[in-house]
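A.B. asks: My questions all concern the structure below.
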Amino acid sequence: MASIEELSKVENAIDKLYEDGGLTDVNYGNVIVASTEAVLNAMNHGATKDSDQKVLFEIEITEKEIIVEVSDSGEGFDFLNLPDPTDPTNIEKGSGRGIFIMKNLSDSLEYENNGSKVVMKFSSDTPVSLEA
């Protein structure tokens, strides 16, 4: 269900993985922030804030990487033509930073199903730095 209350379930799942040793201090912050952004984007744009729509969150941890998949039932979006949130003309806009954050915190960001599914990959042992 695409409601803000459901977001805490995502955060709790990531917290549990961290507590169980599946995430390190380095990648925990990147994974939780990028995942939260992806789920919020799916709820607000894909599910259009409709609590009857579903947003799916999956996380898989392998030896070398953490894979996060977030999908919604929306039609997707034009992910190839996104405005740059660091451009001076966009600095004061209240939106448009979520994908920038996801891209910079993950090692890999891919879109499937016309943008209604995002796949983020994080290295299990290499820190990721935020770049403009």
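Lettering and numbering for the structure tokens are positional, with chains as A, B, ... in the shown order, residues counted from 1 in each chain, and ligands counted from 1 in the shown order.
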Which residues come within 12 Å of Gly29 in chain A, counting only C-alpha atoms, excluding same-chain residues fewer than 2 positions away, as a list in words?
C.D. replies: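 The contact residues come out as Glu11, Ile14, Asp15, Tyr18, Leu23, Thr24, Asp25, Val26, Asn27, Val31, Ile32, Val33, Ala34, Ser35, Thr36, Ile101, Met102, Leu105, Ser106, Phe122, Pro127, Val128, Ser129 and Leu130 of chain A.
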A.B. asks: Determine which residues of chain A DSSP labels as helix (DSSP H, G or I) from the backbone of this structure, then write them out as a PyMOL selection string.
C.D. replies: chain A and resi 4-19+25-46+98-105+113-115
A.B. asks: Extract the full set of strand (DSSP E or B) residues from chain A according to DSSP on the backbone, and format it as a PyMOL selection string.
C.D. replies: chain A and resi 55-61+65-72+108-112+117-123
A.B. asks: For CA of Leu40 in chain A and CA of Lys93 in chain A, quote the distance in Å rounded to one decimal.
C.D. replies: 17.3 Å
A.B. asks: Applying 10 Å and only C-alpha atoms, which residues near range 107-117 of chain A remain after dropping the ones on its own chain fewer than 5 positions away? List them as an NGL selection string.
C.D. replies: :A and (30 or 38 or 41-42 or 45-47 or 55-57 or 65-80 or 99 or 102 or 122-123 or 126-129)
A.B. asks: Go ahead and compute the interatomic distance for CA of Val119 in chain A and CA of Ser51 in chain A, in Å to one decimal.
C.D. replies: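 Interatomic distance, CA of Val119 in chain A to CA of Ser51 in chain A: 22.7 Å.
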A.B. asks: Give me, please, the distance in Å between CA of Glu6 in chain A and CA of Ile59 in chain A, quoted to one decimal.
C.D. replies: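 Atom-to-atom, CA of Glu6 in chain A and CA of Ile59 in chain A are spaced 15.5 Å apart.
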